[in-house]
file my_file_36.txt (compact mmCIF, C-alpha atoms)
# COMPACT_ATOMS: atom_id res chain seq x y z
CA MET A 732 4.76 11.89 -25.46
CA ALA A 733 2.99 9.48 -23.10
CA THR A 734 0.62 11.10 -20.66
CA ARG A 735 -0.72 9.87 -17.36
CA GLU A 736 -4.26 10.75 -18.47
CA GLY A 737 -3.87 8.42 -21.43
CA ASN A 738 -2.56 5.63 -19.21
CA LEU A 739 0.40 5.03 -21.53
CA ASP A 740 2.90 4.96 -18.68
CA ALA A 741 3.89 1.64 -17.16
CA PRO A 742 1.46 0.36 -14.51
CA THR A 743 2.53 1.11 -10.97
CA ARG A 744 1.38 0.07 -7.53
CA HIS A 745 0.98 2.41 -4.61
CA PRO A 746 2.23 1.61 -1.11
CA ILE A 747 -0.34 -0.08 1.12
CA ASP A 748 -1.36 2.46 3.77
CA TRP A 749 -2.12 -0.16 6.40
CA HIS A 750 -0.89 1.89 9.37
CA ASN A 751 -3.53 4.54 8.68
CA PRO A 752 -6.61 4.05 10.92
CA ASP A 753 -8.82 4.87 7.92
CA PHE A 754 -7.52 1.71 6.25
CA TYR A 755 -9.66 -0.29 8.70
CA ASN A 756 -12.70 2.02 8.61
CA GLU A 757 -15.44 -0.22 7.23
CA ASP A 758 -17.60 2.64 5.95
CA LEU A 759 -14.68 4.09 3.98
CA LEU A 760 -13.79 0.64 2.70
CA LEU A 761 -17.32 -0.03 1.47
CA LYS A 762 -17.44 3.37 -0.23
CA GLU A 763 -14.24 2.56 -2.13
CA MET A 764 -15.51 -0.94 -2.97
CA GLU A 765 -18.68 0.62 -4.41
CA ARG A 766 -16.58 2.96 -6.57
CA VAL A 767 -14.37 0.17 -7.87
CA PHE A 768 -17.20 -2.32 -8.33
CA ASP A 769 -19.08 0.25 -10.42
CA ILE A 770 -16.06 0.61 -12.72
CA CYS A 771 -15.70 -3.19 -12.96
CA HIS A 772 -19.42 -3.56 -13.70
CA GLY A 773 -19.13 -1.12 -16.59
CA CYS A 774 -16.07 -2.85 -18.01
CA ARG A 775 -16.37 -6.62 -17.34
CA ARG A 776 -13.07 -7.52 -19.01
CA CYS A 777 -12.20 -9.76 -16.06
CA PHE A 778 -15.29 -11.98 -16.34
CA ASN A 779 -13.17 -15.06 -17.09
CA LEU A 780 -10.58 -14.75 -14.32
CA CYS A 781 -11.25 -15.75 -10.71
CA ASN A 782 -14.74 -16.15 -9.29
CA SER A 783 -14.80 -12.66 -7.73
CA PHE A 784 -15.94 -11.09 -10.98
CA PRO A 785 -18.77 -13.50 -11.91
CA THR A 786 -19.93 -13.21 -8.28
CA LEU A 787 -20.00 -9.41 -8.60
CA PHE A 788 -21.58 -9.30 -12.06
CA ASP A 789 -24.24 -11.88 -11.21
CA ALA A 790 -25.15 -9.99 -8.04
CA VAL A 791 -25.48 -6.74 -9.99
CA ASP A 792 -27.53 -8.33 -12.78
CA GLU A 793 -29.86 -9.99 -10.31
CA GLY A 794 -30.27 -6.83 -8.21
CA GLU A 795 -33.22 -4.48 -8.12
CA THR A 796 -31.76 -1.85 -10.46
CA GLY A 797 -29.03 -3.72 -12.30
CA GLU A 798 -26.51 -1.29 -10.86
CA VAL A 799 -23.94 -1.55 -8.06
CA GLU A 800 -25.83 0.96 -5.93
CA SER A 801 -28.53 -1.63 -5.19
CA LEU A 802 -26.12 -4.35 -4.02
CA PRO A 803 -26.57 -5.53 -0.45
CA ARG A 804 -23.43 -5.21 1.69
CA LYS A 805 -23.35 -9.01 2.01
CA ALA A 806 -22.52 -9.21 -1.70
CA TYR A 807 -19.46 -7.01 -1.18
CA TRP A 808 -17.97 -9.48 1.28
CA GLU A 809 -18.84 -12.44 -0.97
CA VAL A 810 -16.80 -10.84 -3.77
CA ALA A 811 -13.85 -10.33 -1.40
CA ASP A 812 -14.03 -13.93 -0.19
CA GLN A 813 -13.70 -15.20 -3.77
CA CYS A 814 -10.45 -13.27 -4.32
CA TYR A 815 -7.23 -15.13 -3.54
CA LEU A 816 -4.87 -12.28 -4.54
CA CYS A 817 -3.42 -13.90 -7.66
CA ASP A 818 -3.00 -10.34 -9.09
CA MET A 819 -3.93 -11.42 -12.62
CA CYS A 820 -6.66 -8.80 -13.01
CA PHE A 821 -4.14 -6.05 -12.22
CA MET A 822 -1.39 -7.57 -14.35
CA THR A 823 -3.16 -8.78 -17.46
CA LYS A 824 -6.66 -7.34 -17.82
CA CYS A 825 -7.46 -4.06 -16.09
CA PRO A 826 -7.05 -0.88 -18.22
CA TYR A 827 -7.67 1.34 -15.20
CA VAL A 828 -4.66 0.57 -13.01
CA PRO A 829 -2.43 3.46 -11.87
CA PRO A 830 -1.42 5.84 -13.40
CA HIS A 831 -4.93 5.91 -14.92
CA PRO A 832 -7.07 8.50 -13.07
CA PHE A 833 -9.44 5.73 -11.94
CA ASN A 834 -6.55 4.43 -9.83
CA LEU A 835 -7.91 0.89 -9.63
CA ASP A 836 -6.01 -1.86 -7.80
CA PHE A 837 -8.60 -4.58 -7.28
CA PRO A 838 -6.33 -7.12 -5.50
CA HIS A 839 -5.09 -4.62 -2.93
CA LEU A 840 -8.63 -3.40 -2.34
CA MET A 841 -9.59 -7.01 -1.63
CA LEU A 842 -6.57 -7.25 0.67
CA ARG A 843 -7.92 -4.25 2.56
CA ALA A 844 -11.33 -5.94 2.82
CA LYS A 845 -9.70 -9.09 4.20
CA ALA A 846 -7.72 -6.99 6.70
CA VAL A 847 -10.91 -5.28 7.90
CA LYS A 848 -12.64 -8.64 8.20
CA PHE A 849 -9.72 -10.06 10.18
CA LYS A 850 -9.54 -6.98 12.41
CA GLU A 851 -13.21 -7.47 13.24
CA GLY A 852 -12.52 -11.06 14.38
CA LYS A 853 -14.33 -12.71 11.47
CA ALA A 854 -11.52 -15.12 10.48
CA GLY A 855 -12.32 -18.69 11.47
CA VAL A 856 -10.16 -21.23 13.26
CA ARG A 857 -9.60 -23.22 10.05
CA ASP A 858 -8.25 -20.20 8.20
CA ARG A 859 -5.95 -19.30 11.07
CA ILE A 860 -4.60 -22.85 11.13
CA LEU A 861 -4.14 -23.18 7.36
CA SER A 862 -2.27 -19.87 7.19
CA SER A 863 0.10 -20.89 10.02
CA THR A 864 2.24 -22.95 7.66
CA ASP A 865 5.41 -22.80 9.74
CA THR A 866 3.69 -23.89 12.96
CA VAL A 867 1.75 -26.67 11.26
CA GLY A 868 4.88 -27.80 9.43
CA ARG A 869 6.99 -27.97 12.58
CA ILE A 870 4.40 -30.16 14.30
CA ALA A 871 3.54 -32.32 11.28
CA SER A 872 7.20 -33.02 10.50
CA ILE A 873 8.00 -34.54 13.90
CA PRO A 874 9.06 -38.19 13.41
CA VAL A 875 6.10 -40.57 13.80
CA VAL A 876 3.73 -37.58 13.69
CA ALA A 877 4.56 -37.11 9.99
CA GLN A 878 3.60 -40.70 9.21
CA ALA A 879 0.39 -40.36 11.20
CA VAL A 880 -0.56 -37.09 9.49
CA ASN A 881 0.11 -38.53 6.02
CA ALA A 882 -1.90 -41.66 6.80
CA ALA A 883 -4.77 -39.54 8.09
CA ASN A 884 -4.75 -37.37 4.96
CA ARG A 885 -5.12 -40.53 2.86
CA SER A 886 -7.95 -41.96 4.98
CA LYS A 887 -11.46 -41.41 3.61
CA PRO A 888 -13.13 -41.52 7.06
CA VAL A 889 -10.63 -39.03 8.46
CA ARG A 890 -10.98 -36.76 5.44
CA SER A 891 -14.74 -36.88 5.80
CA MET A 892 -14.37 -35.79 9.41
CA MET A 893 -11.94 -33.02 8.41
CA SER A 894 -14.50 -31.81 5.89
CA SER A 895 -17.26 -31.69 8.50
CA LEU A 896 -15.25 -30.22 11.37
CA LEU A 897 -12.61 -28.08 9.67
CA GLY A 898 -14.07 -27.35 6.26
CA ILE A 899 -11.15 -28.93 4.36
CA HIS A 900 -12.56 -30.59 1.25
CA ALA A 901 -12.48 -34.37 1.41
CA GLU A 902 -11.36 -34.72 -2.22
CA ARG A 903 -8.52 -32.21 -2.19
CA LYS A 904 -5.17 -33.92 -2.64
CA LEU A 905 -3.02 -32.67 0.24
CA PRO A 906 0.78 -32.52 0.35
CA GLU A 907 2.64 -35.04 2.48
CA TYR A 908 4.90 -34.02 5.35
CA THR A 909 8.37 -35.36 5.98
CA SER A 910 10.50 -35.62 9.10
CA GLN A 911 13.55 -35.32 6.83
CA THR A 912 13.09 -31.62 6.29
CA PHE A 913 15.15 -29.64 3.81
CA ARG A 914 16.81 -27.51 6.46
CA LYS A 915 17.74 -30.65 8.39
CA THR A 916 19.17 -32.61 5.46
CA ALA A 917 20.49 -30.03 2.97
CA GLN A 918 24.25 -30.10 2.32
CA PRO A 919 25.16 -26.77 0.71
CA ASP A 920 28.78 -26.13 -0.19
CA ASN A 921 30.08 -22.66 0.65
CA SER A 922 33.73 -23.44 -0.05
CA ILE A 923 33.59 -22.97 -3.83
CA PRO A 924 35.43 -19.87 -5.11
CA VAL A 925 33.07 -16.99 -5.91
CA ARG A 926 32.65 -15.92 -9.55
CA ASP A 927 30.62 -12.72 -9.57
CA GLY A 928 28.91 -11.62 -12.75
CA ALA A 929 28.04 -8.11 -13.82
CA LEU A 930 24.36 -8.85 -13.24
CA THR A 931 24.50 -11.53 -10.57
CA PRO A 932 26.30 -12.15 -7.29
CA GLY A 933 28.42 -15.28 -7.50
CA LYS A 934 27.21 -16.75 -4.22
CA VAL A 935 23.72 -17.79 -3.15
CA ALA A 936 21.73 -17.96 0.07
CA ILE A 937 18.66 -20.23 -0.11
CA PHE A 938 15.48 -19.20 1.67
CA ALA A 939 13.96 -22.65 2.17
CA THR A 940 10.24 -21.69 2.47
CA CYS A 941 7.75 -23.64 4.57
CA TYR A 942 6.62 -25.80 1.67
CA ILE A 943 10.06 -26.90 0.47
CA ASN A 944 11.24 -27.44 4.03
CA TYR A 945 8.34 -29.53 5.32
CA ASN A 946 6.62 -30.95 2.23
CA GLU A 947 8.88 -31.34 -0.80
CA PRO A 948 12.53 -31.01 0.30
CA ASP A 949 13.73 -32.75 -2.86
CA ILE A 950 13.01 -29.54 -4.79
CA GLY A 951 15.41 -27.71 -2.49
CA HIS A 952 18.01 -30.47 -2.84
CA ASP A 953 17.71 -30.21 -6.62
CA LEU A 954 18.41 -26.48 -6.43
CA VAL A 955 21.48 -27.09 -4.27
CA LYS A 956 22.78 -29.70 -6.76
CA ILE A 957 22.22 -27.41 -9.75
CA LEU A 958 24.11 -24.57 -8.08
CA ALA A 959 26.96 -26.90 -7.07
CA HIS A 960 27.17 -28.21 -10.66
CA ASN A 961 27.63 -24.61 -11.76
CA ALA A 962 30.35 -23.93 -9.16
CA ILE A 963 28.23 -21.49 -7.15
CA PRO A 964 28.84 -21.44 -3.38
CA VAL A 965 25.66 -21.87 -1.34
CA VAL A 966 24.50 -21.28 2.22
CA LEU A 967 21.11 -21.74 3.84
CA VAL A 968 19.54 -18.69 5.42
CA GLU A 969 20.59 -19.19 9.03
CA LYS A 970 17.20 -18.35 10.54
CA GLU A 971 13.90 -18.04 8.75
CA ALA A 972 10.17 -17.92 9.38
CA CYS A 973 7.25 -18.11 6.95
CA CYS A 974 7.50 -15.40 4.30
CA GLY A 975 4.08 -14.11 5.41
CA MET A 976 2.10 -14.65 2.21
CA PRO A 977 -0.50 -16.98 3.81
CA LYS A 978 -1.12 -14.42 6.56
CA LEU A 979 -1.30 -11.62 3.99
CA GLU A 980 -3.99 -13.53 2.09
CA LEU A 981 -5.90 -13.90 5.37
CA GLY A 982 -5.64 -10.17 6.06
CA ASP A 983 -3.62 -10.70 9.24
CA LEU A 984 -1.18 -7.86 8.71
CA GLU A 985 0.06 -7.88 12.31
CA ALA A 986 1.24 -11.47 11.77
CA VAL A 987 2.90 -10.38 8.52
CA ASP A 988 4.69 -7.69 10.51
CA ALA A 989 5.92 -10.21 13.10
CA LEU A 990 7.26 -12.54 10.39
CA LYS A 991 8.91 -9.64 8.58
CA ASN A 992 10.72 -8.74 11.80
CA VAL A 993 12.19 -12.26 11.93
CA ASN A 994 13.20 -12.54 8.28
CA ILE A 995 14.32 -9.13 7.12
CA PRO A 996 17.25 -8.59 9.53
CA VAL A 997 18.77 -11.95 8.56
CA LEU A 998 18.14 -11.55 4.84
CA SER A 999 19.33 -7.95 4.67
CA ALA A 1000 22.59 -8.98 6.34
CA LEU A 1001 23.08 -11.60 3.62
CA ALA A 1002 22.28 -9.00 0.96
CA GLU A 1003 24.92 -6.70 2.43
CA GLU A 1004 27.44 -9.56 2.27
CA GLY A 1005 26.81 -9.84 -1.48
CA TYR A 1006 24.60 -12.94 -1.61
CA ALA A 1007 21.84 -13.51 -4.12
CA ILE A 1008 18.85 -14.84 -2.16
CA LEU A 1009 16.86 -17.58 -3.92
CA SER A 1010 13.44 -18.94 -3.04
CA ALA A 1011 11.95 -21.86 -4.98
CA VAL A 1012 8.32 -20.88 -4.25
CA PRO A 1013 7.06 -17.98 -6.41
CA SER A 1014 4.70 -16.66 -3.73
CA CYS A 1015 7.55 -16.39 -1.23
CA THR A 1016 9.80 -14.66 -3.76
CA LEU A 1017 6.98 -12.25 -4.61
CA MET A 1018 6.43 -11.47 -0.94
CA PHE A 1019 9.95 -10.12 -0.63
CA LYS A 1020 10.06 -8.54 -4.09
CA GLN A 1021 6.71 -6.76 -4.04
CA GLU A 1022 4.38 -7.10 -1.07
CA LEU A 1023 6.76 -6.26 1.77
CA PRO A 1024 8.22 -3.26 -0.12
CA LEU A 1025 4.66 -1.97 -0.62
CA LEU A 1026 3.81 -2.57 3.04
CA TYR A 1027 7.06 -0.92 4.22
CA PRO A 1028 7.93 1.82 1.71
CA GLY A 1029 11.21 3.50 2.53
CA ASP A 1030 12.46 0.67 4.76
CA GLU A 1031 16.11 0.32 3.72
CA ALA A 1032 16.47 -3.27 4.92
CA VAL A 1033 13.36 -4.35 3.00
CA GLU A 1034 14.71 -2.63 -0.13
CA LYS A 1035 18.07 -4.41 0.21
CA VAL A 1036 16.30 -7.77 0.38
CA LYS A 1037 14.09 -6.86 -2.60
CA LYS A 1038 17.16 -6.15 -4.74
CA ALA A 1039 18.93 -9.34 -3.64
CA MET A 1040 15.93 -11.67 -4.07
CA PHE A 1041 15.77 -13.83 -7.22
CA ASP A 1042 13.55 -16.52 -8.60
CA PRO A 1043 15.90 -19.49 -9.22
CA PHE A 1044 15.39 -19.46 -12.99
CA GLU A 1045 15.70 -15.69 -13.16
CA TYR A 1046 19.11 -16.10 -11.54
CA ILE A 1047 20.04 -19.08 -13.73
CA MET A 1048 19.25 -17.25 -16.98
CA LEU A 1049 21.21 -14.19 -15.89
CA ARG A 1050 24.19 -16.47 -15.27
CA TYR A 1051 23.66 -18.00 -18.71
CA ARG A 1052 23.66 -14.60 -20.40
CA GLU A 1053 26.93 -13.81 -18.68
CA GLY A 1054 28.49 -17.05 -19.90
CA LEU A 1055 28.62 -18.46 -16.38
CA LEU A 1056 26.12 -21.32 -16.72
CA ARG A 1057 27.12 -24.83 -17.71
CA THR A 1058 25.11 -26.31 -20.57
CA ASP A 1059 26.59 -29.81 -20.49
CA PHE A 1060 23.19 -31.48 -20.54
CA THR A 1061 23.18 -35.24 -20.87
CA GLN A 1062 19.46 -36.11 -20.86
CA GLN A 1063 16.68 -34.93 -23.12
CA LEU A 1064 13.37 -34.03 -21.46
CA GLY A 1065 11.05 -34.62 -24.43
CA ASN A 1066 7.70 -32.84 -24.32
CA VAL A 1067 7.18 -30.73 -21.19
CA SER A 1068 3.86 -29.04 -20.41
CA TYR A 1069 4.86 -26.11 -18.26
CA HIS A 1070 2.45 -23.98 -16.23
CA VAL A 1071 3.50 -20.41 -15.40
CA ALA A 1072 2.32 -19.69 -11.84
CA CYS A 1073 0.43 -16.42 -11.28
CA HIS A 1074 2.82 -15.18 -8.61
CA LEU A 1075 5.68 -15.82 -11.02
CA ARG A 1076 4.01 -13.83 -13.80
CA VAL A 1077 3.49 -10.90 -11.42
CA GLN A 1078 7.28 -10.60 -11.04
CA ASN A 1079 7.49 -9.27 -14.61
CA MET A 1080 10.67 -11.05 -15.61
CA GLY A 1081 9.53 -13.01 -18.65
CA HIS A 1082 9.59 -16.78 -19.14
CA LYS A 1083 12.91 -17.58 -17.51
CA THR A 1084 11.93 -21.15 -16.59
CA ARG A 1085 10.83 -21.93 -20.13
CA GLU A 1086 13.98 -20.33 -21.57
CA THR A 1087 16.13 -22.47 -19.30
CA LEU A 1088 14.37 -25.73 -20.14
CA GLU A 1089 14.60 -24.92 -23.85
CA LEU A 1090 18.38 -24.86 -23.52
CA VAL A 1091 18.18 -28.64 -23.08
CA PRO A 1092 18.54 -30.43 -26.46
CA GLY A 1093 15.59 -32.59 -27.44
CA THR A 1094 13.16 -30.65 -25.26
CA ARG A 1095 9.93 -28.99 -26.36
CA VAL A 1096 8.05 -26.81 -23.89
CA ASN A 1097 4.29 -26.25 -24.11
CA THR A 1098 3.76 -23.11 -22.01
CA VAL A 1099 0.40 -22.53 -20.29
CA GLU A 1100 -0.19 -19.02 -18.94
CA ARG A 1101 -3.40 -19.14 -16.99
CA CYS A 1102 -4.34 -19.27 -13.32
CA SER A 1103 -4.70 -22.86 -12.12
CA GLY A 1104 -7.27 -21.80 -9.53
CA HIS A 1105 -5.74 -23.31 -6.41
CA ASP A 1106 -3.88 -20.53 -4.59
CA GLY A 1107 -2.07 -21.41 -1.35
CA THR A 1108 -5.01 -22.45 0.82
CA TRP A 1109 -8.10 -21.24 -1.08
CA GLY A 1110 -8.60 -24.41 -3.14
CA VAL A 1111 -8.27 -26.58 -0.03
CA LYS A 1112 -11.38 -25.12 1.55
CA LYS A 1113 -14.66 -26.99 1.31
CA GLU A 1114 -16.65 -24.04 -0.02
CA TYR A 1115 -14.15 -23.17 -2.76
CA PHE A 1116 -12.92 -26.58 -3.95
CA GLU A 1117 -15.40 -26.91 -6.82
CA ASN A 1118 -14.66 -23.37 -7.99
CA SER A 1119 -10.92 -24.06 -7.90
CA MET A 1120 -11.41 -27.09 -10.14
CA LYS A 1121 -13.66 -25.12 -12.48
CA ILE A 1122 -11.14 -22.28 -12.79
CA GLY A 1123 -8.40 -24.82 -13.44
CA ARG A 1124 -10.26 -26.77 -16.11
CA PRO A 1125 -8.80 -24.86 -19.10
CA VAL A 1126 -5.32 -25.33 -17.61
CA PHE A 1127 -5.87 -29.07 -17.17
CA ARG A 1128 -6.92 -29.32 -20.81
CA GLN A 1129 -4.04 -27.23 -22.18
CA MET A 1130 -1.48 -29.08 -20.08
CA SER A 1131 -2.55 -32.37 -21.67
CA GLU A 1132 -1.97 -31.17 -25.23
CA GLY A 1133 0.90 -32.65 -27.24
CA GLN A 1134 1.19 -35.87 -25.24
CA PRO A 1135 3.62 -34.46 -22.65
CA ASP A 1136 6.25 -36.59 -21.00
CA PHE A 1137 6.20 -34.30 -17.97
CA ILE A 1138 3.88 -31.71 -16.44
CA SER A 1139 5.55 -29.00 -14.43
CA SER A 1140 4.92 -25.73 -12.58
CA ASP A 1141 7.19 -23.43 -10.60
CA CYS A 1142 4.45 -23.49 -7.96
CA ALA A 1143 4.52 -27.00 -6.49
CA ILE A 1144 1.02 -26.53 -5.07
CA ALA A 1145 -0.34 -25.58 -8.50
CA GLY A 1146 1.48 -28.59 -9.95
CA ARG A 1147 -0.25 -30.93 -7.54
CA HIS A 1148 -3.61 -29.26 -8.27
CA ILE A 1149 -3.07 -29.65 -12.03
CA GLU A 1150 -2.09 -33.30 -11.58
CA GLN A 1151 -5.31 -33.91 -9.65
CA GLY A 1152 -7.37 -32.08 -12.25
CA MET A 1153 -5.86 -34.09 -15.10
CA GLY A 1154 -6.79 -37.33 -13.33
CA ILE A 1155 -5.29 -40.80 -13.37
CA ASP A 1156 -3.84 -40.39 -16.87
CA ALA A 1157 -1.73 -37.39 -15.87
CA PRO A 1158 1.90 -37.65 -17.03
CA THR A 1159 4.78 -37.59 -14.58
CA LYS A 1160 4.77 -34.43 -12.46
CA ALA A 1161 8.16 -32.87 -11.83
CA HIS A 1162 9.18 -29.43 -10.63
CA PRO A 1163 11.23 -27.44 -13.19
CA LEU A 1164 14.26 -27.58 -10.88
CA THR A 1165 13.94 -31.35 -10.84
CA LEU A 1166 13.78 -31.39 -14.63
CA LEU A 1167 16.91 -29.24 -14.87
CA ARG A 1168 18.76 -31.50 -12.43
CA MET A 1169 17.71 -34.51 -14.52
CA ALA A 1170 18.87 -32.78 -17.73
CA TYR A 1171 22.30 -32.29 -16.18
CA GLY A 1172 22.39 -36.01 -15.40
CA ILE A 1173 22.85 -35.35 -11.68
CA ASP A 1174 21.68 -38.06 -9.29
call {"tool": "encode", "arguments": {"input": "my_file_36.txt", "output": "structure tokens"}}
result
Amino acid sequence: MATREGNLDAPTRHPIDWHNPDFYNEDLLLKEMERVFDICHGCRRCFNLCNSFPTLFDAVDEGETGEVESLPRKAYWEVADQCYLCDMCFMTKCPYVPPHPFNLDFPHLMLRAKAVKFKEGKAGVRDRILSSTDTVGRIASIPVVAQAVNAANRSKPVRSMMSSLLGIHAERKLPEYTSQTFRKTAQPDNSIPVRDGALTPGKVAIFATCYINYNEPDIGHDLVKILAHNAIPVVLVEKEACCGMPKLELGDLEAVDALKNVNIPVLSALAEEGYAILSAVPSCTLMFKQELPLLYPGDEAVEKVKKAMFDPFEYIMLRYREGLLRTDFTQQLGNVSYHVACHLRVQNMGHKTRETLELVPGTRVNTVERCSGHDGTWGVKKEYFENSMKIGRPVFRQMSEGQPDFISSDCAIAGRHIEQGMGIDAPTKAHPLTLLRMAYGID
């Protein structure tokens, strides 16, 4: 029989006790960081993940005693700054996660450190701006303003100034903004008769996300077209705000709370009406599936949304297994190099995107499971850009194998990062939803 002491039970995550005043007690935080860092120092299995671990191990090795006890407190904060909460150490490497007695959850400890730092007023203006994706998107998508912003982001003198004044790296390829936002131009059809499955609701509500709405609305349009092709009625979530992931990564939990109070009432009402809720950005889906439930344990509305929230390809493959998905594909995709985003892997649902694309005749999928190194805003920042490219280097190399016709990632930001890392010879970049729409032969 499996025992908790032997850590043979499935890994679990504890609720985040962020309402407890001790959560923000810096002395208690540093004591816990010392405990966890000492375990990590003795293990070192995560040396090849993000830069947090090399930063920690190098600091220990270069210290007076070669042990964590001699680390200066400055080193603790440097380790936390290198973490962008991808969760890969918890999911794929660490043998000491709960229910192991060591009870080690490195990403959520780093989240606590970021929350303490934010509470102490140590978050800069740049980080506050970059994490305000909804506000920035609303302004940058105003007609004329969008063209000006896009032109500025392509201008070397402007980018040099942005690097000096805002700390946004001059070489980072930034997404464009559009005045033709997804929420403004989407044409979902809710008149189609509902065909419920045993595992899936037969009607869908789309949570647009900041990125799809303001930056790449075509991904959202592709999702709408795919659902319509499969006779699934669709509505847009009537009112939405940012999912809160950028603010979570900043440690601004009060802002996360404010955004939750906008989104959850609307989404829980849709869940009660029997809608599946789809989000085409893995980080946003994860926010509702995992992070908010851990921040608000026992909240019935949050739990309803968690159960109703699907990744698009998770939903599509469930429909396929129930015989409710059309497979009348008309176009082969050839060789596709597909990157599995970290926040998709954390959802523990298998390779649903790959499985879907492999349904298309004449399609071979080269799957790359490794962090690309960008994160939402981390790889944009001047001080982390080089590290983000270094972390992504193995991904760039693996994505180029087999002479792909397309490179693709469920995370559009990671896809753009990979395209930049592969350079001018990168194949055509297309989101998996775009590839599926193409395979169906839909214009």
call {"tool": "closest_residue", "arguments": {"input": "my_file_36.txt", "among": "A:Val935, A:Cys1073, A:Met1120, A:Ala1157", "to": "A:Arg903", "atoms": "only C-alpha atoms"}}
result
A:Met1120
call {"tool": "residues_around", "arguments": {"input": "my_file_36.txt", "residues": "A:Met1153", "least_positions_apart": "3", "cutoff": "9 Å", "atoms": "all atoms listed in the file", "output": "MDAnalysis selection string"}}
result
chainID A and resid 1124 1127:1128 1130:1131 1148:1150 1156:1158
call {"tool": "closest_residue", "arguments": {"input": "my_file_36.txt", "among": "A:Leu1088, A:Leu780, A:Ala989, A:Val876", "to": "A:Met819", "atoms": "all atoms listed in the file"}}
result
A:Leu780
call {"tool": "atom_distance", "arguments": {"input": "my_file_36.txt", "atom1": "atom CA of A:Pro1024", "atom2": "atom CA of A:Thr743"}}
result
13.0 Å
call {"tool": "atom_distance", "arguments": {"input": "my_file_36.txt", "atom1": "atom CA of A:Leu896", "atom2": "atom CA of A:Ala883"}}
result
14.4 Å
call {"tool": "atom_distance", "arguments": {"input": "my_file_36.txt", "atom1": "atom CA of A:Asn994", "atom2": "atom CA of A:Gly1110"}}
result
27.3 Å
call {"tool": "residues_around", "arguments": {"input": "my_file_36.txt", "residues": "A:Val1077", "least_positions_apart": "3", "cutoff": "10 Å", "atoms": "only C-alpha atoms", "output": "list in words"}}
result
Cys817, Asp818, Met819, Phe821, Met822, Thr823, Pro1013, Ser1014, Leu1017, Gln1021, Ala1072, Cys1073, His1074, Met1080 and Gly1081 of chain A
call {"tool": "residues_around", "arguments": {"input": "my_file_36.txt", "residues": "A:Leu1075", "least_positions_apart": "3", "cutoff": "12 Å", "atoms": "all atoms listed in the file", "output": "number ranges by chain"}}
result
A: 817-819, 822, 1010-1018, 1020-1021, 1041-1045, 1070-1072, 1078-1084, 1100-1102, 1140-1142, 1145
call {"tool": "closest_residue", "arguments": {"input": "my_file_36.txt", "among": "A:Ala806, A:Leu761, A:Thr866, A:Ala962", "to": "A:Glu793", "atoms": "only C-alpha atoms"}}
result
A:Ala806
call {"tool": "closest_residue", "arguments": {"input": "my_file_36.txt", "among": "A:Asn751, A:Asn946, A:Ser886, A:Asn756", "to": "A:Ala844", "atoms": "all atoms listed in the file"}}
result
A:Asn756
call {"tool": "residues_around", "arguments": {"input": "my_file_36.txt", "residues": "A:Lys991", "least_positions_apart": "3", "cutoff": "8 Å", "atoms": "only C-alpha atoms", "output": "PyMOL selection string"}}
result
chain A and resi 974-975+987-988+994-995+1023
call {"tool": "closest_residue", "arguments": {"input": "my_file_36.txt", "among": "A:Gly1172, A:Gly933, A:Gly868, A:Gly1154", "to": "A:Thr1061", "atoms": "all atoms listed in the file"}}
result
A:Gly1172
call {"tool": "residues_around", "arguments": {"input": "my_file_36.txt", "residues": "A:Pro838", "least_positions_apart": "4", "cutoff": "12 Å", "atoms": "all atoms listed in the file", "output": "ChimeraX atom specification"}}
result
/A:744,747,764,767,781,783-784,810-822,825,828,842-845,979-980,982,1022
call {"tool": "closest_residue", "arguments": {"input": "my_file_36.txt", "among": "A:Ala877, A:Ala1143, A:Leu905, A:Leu787", "to": "A:Arg890", "atoms": "only C-alpha atoms"}}
result
A:Leu905
call {"tool": "axis_aligned_box", "arguments": {"input": "my_file_36.txt", "around": "stretch 833-836 of chain A", "padding_each_side": "8 Å", "output": "JSON"}}
result
{"center_x": -7.7, "center_y": 1.9, "center_z": -9.9, "size_x": 19.4, "size_y": 23.6, "size_z": 20.1}
call {"tool": "closest_atom_pairs", "arguments": {"input": "my_file_36.txt", "of": "stretch 931-961 of chain A", "to": "stretch 916-921 of chain A", "cutoff": "8 Å", "atoms": "all atoms listed in the file", "output": "JSON lines"}}
result
{"residue": "A:Gly951", "atom": "CA", "partner": "A:Ala917", "partner_atom": "CA", "distance": 7.8}
{"residue": "A:His952", "atom": "CA", "partner": "A:Ala917", "partner_atom": "CA", "distance": 6.3}
{"residue": "A:Val955", "atom": "CA", "partner": "A:Pro919", "partner_atom": "CA", "distance": 6.2}
{"residue": "A:Ala959", "atom": "CA", "partner": "A:Asp920", "partner_atom": "CA", "distance": 7.2}
